[in-house]
There are 4 protein chains.
Amino acid sequence: MKQSTTVPGRPRDPDLSGRILTAALEEYARTGWGSFTMQGVAKRAGVGKSALYLRWSTKEQLLVDSIEAVSLPLTADIDTGHLRSDLTETASGLFRYFLDPIGWASLRIAVDVAVEFAELDPFQERIVEALREAVTVIFTRAIDRGEIPSDRPLRPLVEVLFGAILMHALALPPAERAEAMTNVETHVAPLVDVVYRAATGD
Amino acid sequence: MKQSTTVPGRPRDPDLSGRILTAALEEYARTGWGSFTMQGVAKRAGVGKSALYLRWSTKEQLLVDSIEAVSLPLTADIDTGHLRSDLTETASGLFRYFLDPIGWASLRIAVDVAVEFAELDPFQERIVEALREAVTVIFTRAIDRGEIPSDRPLRPLVEVLFGAILMHALALPPAERAEAMTNVETHVAPLVDVVYRAATGD
Amino acid sequence: MKQSTTVPGRPRDPDLSGRILTAALEEYARTGWGSFTMQGVAKRAGVGKSALYLRWSTKEQLLVDSIEAVSLPLTADIDTGHLRSDLTETASGLFRYFLDPIGWASLRIAVDVAVEFAELDPFQERIVEALREAVTVIFTRAIDRGEIPSDRPLRPLVEVLFGAILMHALALPPAERAEAMTNVETHVAPLVDVVYRAATGD
Amino acid sequence: MKQSTTVPGRPRDPDLSGRILTAALEEYARTGWGSFTMQGVAKRAGVGKSALYLRWSTKEQLLVDSIEAVSLPLTADIDTGHLRSDLTETASGLFRYFLDPIGWASLRIAVDVAVEFAELDPFQERIVEALREAVTVIFTRAIDRGEIPSDRPLRPLVEVLFGAILMHALALPPAERAEAMTNVETHVAPLVDVVYRAATGD
DNA sequence: TATTAAACGAGACGGTACGTCGCGTCTTCTT
DNA sequence: AAGAAGACGCGACGTACCGTCTCGTTTAATA
């Protein structure tokens, strides 16, 4: 009793999508958006352009999908038992992510998407939402533990935490990015302090 | 004894730079980065491409300069006499700026610049620094008034404020941007609350 | 046992070359070399520039190929049974060819080619040789008929005939070209006389 | 009684025209018409573009004038006392002229001029006419000496002589041009033969 | 001697074409 | 039908010259 839902013709090569996504990230990492070309990705993946366009219709969508795979690991559950260390760990992960070219790319695309590609908002939903939820969980647990008042609105706290890290990365002169990578805690601590104080009321 | 420090040849038309910068912003506002072309800017400004390339060698540099003029007004001095209202006003201005396509463009360029164009860091220095300083002044006055402890490190507070607004704008679904423009205070208040609380210790 | 010598990829559109060559001649005829542009040819042919550059890498090569098609008809076999009338007919054809802008173009290109584009000498070989051979045949037949001595070196005679016509066309003031077109025989006769006399020894 | 037709203002530098004409020929000889640019000429002559455009309004006119200076020496009077040697000497001079890039340029320009620049026909008149006249003189003297019949029409003979040399140079493969320069007589003799036979009736 | 007006260098300017490159679509053959 | 290969129409890229135009400076004749 074969439940055959097969379509006629040659089936899609299941490897290809992965190879293309990897190639896309590599191309992007090489010299940035400026030299991120569909032909380049195809050539690096050892694939024809048709294989790309059968799956993604624009460069943006391809890059969004490439980046999603790298982003989602960020949402890994963090639970150290204390709010401050949870925040520190989350913030450190986020900061490291923004220091990495690929992570930075995801930000850049979010920025592009926000104005120009309303139709692409999967990015907003999938990535931003996933991150937001992961942090919300941390605060919820802090409420349960009585570390912060139960009526504290959480969403602003989440935005402030993310925003602080993002802004810090953004304001970081390019020359100092390398150094920051090895001193994540030092960069993150003052910002976590601010958020922690605001959350707990000192 | 004529102290003539003139360069030979016809001098550059002093009007042109302005016309080009304006045209660049208009082109950008029209359909975003994707359709921001040097030829388009030249045509809109009623100018040959040579006039553009004599002054700016890349699209990015041209757009950075275009945006600077629009960004600097943000640094206008704000002094209402109270920290909370100073913060609210600053945050509102910033939020409005990010809701506007031009303001958003500046962010996008900052993001591009941060990784790829180390040589462009005038943007970092000129704009980011100017903004940071403007907000630092606000906190300094609050210290003078005794609203916040004098040993409070200010830089994290500034980054947190900016970041919060930025992140809020970033997380805003495209569809809601129009609405937000008319309800700036509502969006800004919870974030200012967080920062204010962190600054003053409630 | 399929002897498949196919190249991969989409084959070149076999129509295009023809359409482009035609468009090139039309563009050239319109206002001459000065306004013979690749973009103009592409537009007239309803074709992208890529299609041109895939086939010809310089304007000269494109024009040479365009002209070859028009030139070769000149080599049509002429055999009236008498040397003088053979010469007259050949000379008339040549003269008409030089009076036409397209024919004139071929001369101009030959002149360009002769010094600058050694690598283009297909033109020399293909066109000049073809013409020379066609006239040589005429003299050979005249030898067979006993009209001219069998030891007469033919190559100078051919060059003299061609050169005479060419020089006559060249020396013709532009204003008189139109008139000449309707009186070809009158212009040609004295020159043929000279060649005929030199060939036969009166 | 000073017949002063001076205009006010700084008089034109009498050297400049010469320097420009020389520079123009050098530029032309360098890589041909394709890279013959007004700016290049100006730079080579150490002169501003204005000096060029004050004297010549188009590239063609400038090149025509440059060439005229080199061409006119051709018209030097030749009188050896015998038709055949007069013809040989004239033909040799002409052939050498056509083997030289500069001489060849004059031909190319004549070809351009003939169709497109009716207004430029000074070239036709000045150069072609001057040459024609110089050769006509040779034939006239031959008539005086009784070498050729007095009713012989001369103009076709002149055209045939010129044309033969021109055609021979044109048909010469680029690779053989260098060799020809050292064996002018060998190349010229058979063509002179033809013309001489036609003129004298053997 | 001082004035004056053209010549002159330099180079900015609005254009146009260059030859290249990438887009996204298409057409062919192969798997 | 999927897929590799690559032709195709399109249009922007950044460069090079065009011929015109403004500058400041130079140069002789004139006033």
# chains A, B, ... in the order shown; residues from 1 in each chain; ligands from 1
$ residues_around --residues "stretch 31-41 of chain B" --least-positions-apart "5" --cutoff "7 Å" --atoms "only C-alpha atoms (C1' of nucleotides)" --output "CSV table (one decimal) with N, CA and C atoms, in the first residue's frame"
chain,number,residue,atom,x,y,z
A,116,GLU,N,11.3,48.1,2.6
A,116,GLU,CA,11.1,47.9,1.2
A,116,GLU,C,10.3,46.6,0.9
B,20,ILE,N,22.8,68.0,-6.2
B,20,ILE,CA,23.0,66.6,-6.3
B,20,ILE,C,22.6,65.9,-5.0
B,23,ALA,N,18.9,65.8,-4.9
B,23,ALA,CA,18.4,64.8,-5.9
B,23,ALA,C,18.6,63.4,-5.4
B,24,ALA,N,19.8,63.2,-4.7
B,24,ALA,CA,20.1,61.8,-4.2
B,24,ALA,C,19.0,61.4,-3.2
B,49,LYS,N,27.0,62.8,-15.4
B,49,LYS,CA,27.5,61.8,-14.4
B,49,LYS,C,28.9,62.3,-14.0
B,59,LYS,N,28.4,55.2,-4.7
B,59,LYS,CA,27.0,55.5,-4.3
B,59,LYS,C,26.9,55.7,-2.8
$ interface_residues --of "chain E" --to "chain D" --cutoff "8 Å" --atoms "only C-alpha atoms (C1' of nucleotides)" --output "PyMOL selection string"
chain E and resi 4-10
$ interface_residues --of "chain F" --to "chain C" --cutoff "9 Å" --atoms "only C-alpha atoms (C1' of nucleotides)" --output "PyMOL selection string"
chain F and resi 4-10
$ residues_around --residues "F:DT20" --least-positions-apart "2" --cutoff "10 Å" --atoms "only C-alpha atoms (C1' of nucleotides)" --output "PyMOL selection string"
(chain E and resi 13-14) or (chain F and resi 18+22)
$ closest_atom_pairs --of "chain D" --to "chain C" --cutoff "9 Å" --atoms "only C-alpha atoms" --output "JSON lines"
{"residue": "D:Thr31", "atom": "CA", "partner": "C:Glu116", "partner_atom": "CA", "distance": 7.6}
{"residue": "D:Gly32", "atom": "CA", "partner": "C:Glu116", "partner_atom": "CA", "distance": 7.0}
{"residue": "D:Trp33", "atom": "CA", "partner": "C:Asp112", "partner_atom": "CA", "distance": 8.6}
{"residue": "D:Pro101", "atom": "CA", "partner": "C:Val115", "partner_atom": "CA", "distance": 7.2}
{"residue": "D:Trp104", "atom": "CA", "partner": "C:Val111", "partner_atom": "CA", "distance": 7.9}
{"residue": "D:Ala105", "atom": "CA", "partner": "C:Val111", "partner_atom": "CA", "distance": 8.7}
{"residue": "D:Leu107", "atom": "CA", "partner": "C:Val111", "partner_atom": "CA", "distance": 7.8}
{"residue": "D:Arg108", "atom": "CA", "partner": "C:Val111", "partner_atom": "CA", "distance": 6.1}
{"residue": "D:Ile109", "atom": "CA", "partner": "C:Arg108", "partner_atom": "CA", "distance": 8.9}
{"residue": "D:Ala110", "atom": "CA", "partner": "C:Leu170", "partner_atom": "CA", "distance": 7.4}
{"residue": "D:Val111", "atom": "CA", "partner": "C:Arg108", "partner_atom": "CA", "distance": 6.1}
{"residue": "D:Asp112", "atom": "CA", "partner": "C:Arg108", "partner_atom": "CA", "distance": 7.1}
{"residue": "D:Val113", "atom": "CA", "partner": "C:Pro174", "partner_atom": "CA", "distance": 8.5}
{"residue": "D:Ala114", "atom": "CA", "partner": "C:Pro174", "partner_atom": "CA", "distance": 5.7}
{"residue": "D:Val115", "atom": "CA", "partner": "C:Pro174", "partner_atom": "CA", "distance": 6.3}
{"residue": "D:Glu116", "atom": "CA", "partner": "C:Gly32", "partner_atom": "CA", "distance": 7.0}
{"residue": "D:Phe117", "atom": "CA", "partner": "C:Pro174", "partner_atom": "CA", "distance": 8.4}
{"residue": "D:Ala118", "atom": "CA", "partner": "C:Pro174", "partner_atom": "CA", "distance": 5.9}
{"residue": "D:Asp121", "atom": "CA", "partner": "C:Pro173", "partner_atom": "CA", "distance": 7.5}
{"residue": "D:Gln124", "atom": "CA", "partner": "C:Ala171", "partner_atom": "CA", "distance": 6.9}
{"residue": "D:Glu125", "atom": "CA", "partner": "C:Pro173", "partner_atom": "CA", "distance": 8.5}
{"residue": "D:Val128", "atom": "CA", "partner": "C:Ala171", "partner_atom": "CA", "distance": 6.7}
{"residue": "D:Glu129", "atom": "CA", "partner": "C:Ala171", "partner_atom": "CA", "distance": 8.5}
{"residue": "D:Pro153", "atom": "CA", "partner": "C:Pro190", "partner_atom": "CA", "distance": 8.3}
{"residue": "D:Arg155", "atom": "CA", "partner": "C:Pro190", "partner_atom": "CA", "distance": 8.9}
{"residue": "D:Pro156", "atom": "CA", "partner": "C:Leu191", "partner_atom": "CA", "distance": 5.6}
{"residue": "D:Leu157", "atom": "CA", "partner": "C:Val194", "partner_atom": "CA", "distance": 7.0}
{"residue": "D:Val158", "atom": "CA", "partner": "C:Ala164", "partner_atom": "CA", "distance": 8.9}
{"residue": "D:Glu159", "atom": "CA", "partner": "C:Ala164", "partner_atom": "CA", "distance": 5.6}
{"residue": "D:Val160", "atom": "CA", "partner": "C:Ala164", "partner_atom": "CA", "distance": 4.4}
{"residue": "D:Leu161", "atom": "CA", "partner": "C:Ala164", "partner_atom": "CA", "distance": 7.4}
{"residue": "D:Phe162", "atom": "CA", "partner": "C:Met167", "partner_atom": "CA", "distance": 6.8}
{"residue": "D:Gly163", "atom": "CA", "partner": "C:Gly163", "partner_atom": "CA", "distance": 3.7}
{"residue": "D:Ala164", "atom": "CA", "partner": "C:Val160", "partner_atom": "CA", "distance": 4.3}
{"residue": "D:Ile165", "atom": "CA", "partner": "C:Gly163", "partner_atom": "CA", "distance": 7.3}
{"residue": "D:Leu166", "atom": "CA", "partner": "C:Gly163", "partner_atom": "CA", "distance": 6.3}
{"residue": "D:Met167", "atom": "CA", "partner": "C:Gly163", "partner_atom": "CA", "distance": 4.8}
{"residue": "D:His168", "atom": "CA", "partner": "C:Glu159", "partner_atom": "CA", "distance": 6.2}
{"residue": "D:Ala169", "atom": "CA", "partner": "C:Ala114", "partner_atom": "CA", "distance": 8.8}
{"residue": "D:Leu170", "atom": "CA", "partner": "C:Ala114", "partner_atom": "CA", "distance": 6.7}
{"residue": "D:Ala171", "atom": "CA", "partner": "C:Val128", "partner_atom": "CA", "distance": 6.7}
{"residue": "D:Leu172", "atom": "CA", "partner": "C:Ala114", "partner_atom": "CA", "distance": 7.9}
{"residue": "D:Pro173", "atom": "CA", "partner": "C:Ala114", "partner_atom": "CA", "distance": 7.1}
{"residue": "D:Pro174", "atom": "CA", "partner": "C:Ala114", "partner_atom": "CA", "distance": 5.8}
{"residue": "D:Ala175", "atom": "CA", "partner": "C:Ala118", "partner_atom": "CA", "distance": 7.6}
{"residue": "D:Pro190", "atom": "CA", "partner": "C:Pro156", "partner_atom": "CA", "distance": 6.1}
{"residue": "D:Leu191", "atom": "CA", "partner": "C:Pro156", "partner_atom": "CA", "distance": 5.6}
{"residue": "D:Asp193", "atom": "CA", "partner": "C:Ala198", "partner_atom": "CA", "distance": 8.6}
{"residue": "D:Val194", "atom": "CA", "partner": "C:Ala198", "partner_atom": "CA", "distance": 5.5}
{"residue": "D:Val195", "atom": "CA", "partner": "C:Ala198", "partner_atom": "CA", "distance": 6.9}
{"residue": "D:Tyr196", "atom": "CA", "partner": "C:Ala198", "partner_atom": "CA", "distance": 8.1}
{"residue": "D:Arg197", "atom": "CA", "partner": "C:Ala198", "partner_atom": "CA", "distance": 5.4}
{"residue": "D:Ala198", "atom": "CA", "partner": "C:Ala198", "partner_atom": "CA", "distance": 4.4}
{"residue": "D:Ala199", "atom": "CA", "partner": "C:Val194", "partner_atom": "CA", "distance": 7.7}
{"residue": "D:Gly201", "atom": "CA", "partner": "C:Asp202", "partner_atom": "CA", "distance": 6.2}
{"residue": "D:Asp202", "atom": "CA", "partner": "C:Gly201", "partner_atom": "CA", "distance": 6.2}
$ residues_around --residues "C:Met181" --least-positions-apart "2" --cutoff "9 Å" --atoms "only C-alpha atoms (C1' of nucleotides)" --output "VMD selection string"
chain C and resid 95 to 96 99 to 100 176 to 179 183 to 184
$ write_last_selection --atoms "N, CA and C atoms" --output "PDB file, in the first residue's frame"
ATOM      1  N   PHE C  95      32.563  50.869 -60.168  1.00  0.00           N
ATOM      2  CA  PHE C  95      32.338  52.298 -59.994  1.00  0.00           C
ATOM      3  C   PHE C  95      31.029  52.537 -59.245  1.00  0.00           C
ATOM      4  N   ARG C  96      29.996  51.816 -59.678  1.00  0.00           N
ATOM      5  CA  ARG C  96      28.715  51.936 -58.972  1.00  0.00           C
ATOM      6  C   ARG C  96      28.880  51.571 -57.498  1.00  0.00           C
ATOM      7  N   LEU C  99      30.355  54.352 -55.615  1.00  0.00           N
ATOM      8  CA  LEU C  99      29.480  55.510 -55.467  1.00  0.00           C
ATOM      9  C   LEU C  99      28.460  55.303 -54.352  1.00  0.00           C
ATOM     10  N   ASP C 100      28.213  54.063 -54.044  1.00  0.00           N
ATOM     11  CA  ASP C 100      27.244  53.759 -52.984  1.00  0.00           C
ATOM     12  C   ASP C 100      27.909  53.895 -51.615  1.00  0.00           C
ATOM     13  N   GLU C 176      29.327  65.899 -57.232  1.00  0.00           N
ATOM     14  CA  GLU C 176      29.081  65.292 -58.545  1.00  0.00           C
ATOM     15  C   GLU C 176      28.771  63.808 -58.461  1.00  0.00           C
ATOM     16  N   ARG C 177      28.769  63.287 -57.257  1.00  0.00           N
ATOM     17  CA  ARG C 177      28.557  61.844 -57.125  1.00  0.00           C
ATOM     18  C   ARG C 177      27.188  61.425 -57.653  1.00  0.00           C
ATOM     19  N   ALA C 178      26.168  62.215 -57.345  1.00  0.00           N
ATOM     20  CA  ALA C 178      24.828  61.863 -57.774  1.00  0.00           C
ATOM     21  C   ALA C 178      24.762  61.780 -59.296  1.00  0.00           C
ATOM     22  N   GLU C 179      25.311  62.786 -59.941  1.00  0.00           N
ATOM     23  CA  GLU C 179      25.297  62.816 -61.413  1.00  0.00           C
ATOM     24  C   GLU C 179      26.021  61.601 -61.973  1.00  0.00           C
ATOM     25  N   ASN C 183      25.516  58.340 -65.045  1.00  0.00           N
ATOM     26  CA  ASN C 183      26.350  58.348 -66.251  1.00  0.00           C
ATOM     27  C   ASN C 183      27.584  57.479 -66.077  1.00  0.00           C
ATOM     28  N   VAL C 184      27.380  56.322 -65.567  1.00  0.00           N
ATOM     29  CA  VAL C 184      28.516  55.483 -65.237  1.00  0.00           C
ATOM     30  C   VAL C 184      29.424  55.257 -66.443  1.00  0.00           C
TER      31      VAL C 184
END
$ residues_around --residues "D:Leu62" --least-positions-apart "4" --cutoff "8 Å" --atoms "only C-alpha atoms (C1' of nucleotides)" --output "MDAnalysis selection string"
chainID D and resid 21 24 56:58 66
$ write_last_selection --atoms "N, CA, C and O atoms" --output "short mmCIF file (atom, residue, chain, number, x, y, z; two decimals), in the first residue's frame"
data_model
loop_
_atom_site.label_atom_id
_atom_site.label_comp_id
_atom_site.auth_asym_id
_atom_site.auth_seq_id
_atom_site.Cartn_x
_atom_site.Cartn_y
_atom_site.Cartn_z
N LEU D 21 49.97 71.04 -34.95
CA LEU D 21 49.93 70.17 -36.13
C LEU D 21 50.89 69.00 -35.98
O LEU D 21 50.55 67.86 -36.30
N ALA D 24 49.52 66.57 -33.54
CA ALA D 24 48.39 65.84 -34.13
C ALA D 24 48.90 64.67 -34.96
O ALA D 24 48.41 63.54 -34.84
N TRP D 56 40.74 75.10 -34.97
CA TRP D 56 40.04 74.06 -35.73
C TRP D 56 38.81 73.64 -34.96
O TRP D 56 38.88 73.42 -33.75
N SER D 57 37.71 73.49 -35.64
CA SER D 57 36.49 73.20 -34.89
C SER D 57 36.19 71.71 -34.84
O SER D 57 35.34 71.29 -34.06
N THR D 58 36.86 70.91 -35.65
CA THR D 58 36.63 69.47 -35.58
C THR D 58 37.95 68.72 -35.69
O THR D 58 38.95 69.24 -36.18
N SER D 66 46.89 68.96 -40.67
CA SER D 66 48.16 68.34 -40.29
C SER D 66 48.77 67.63 -41.48
O SER D 66 49.98 67.64 -41.69
#
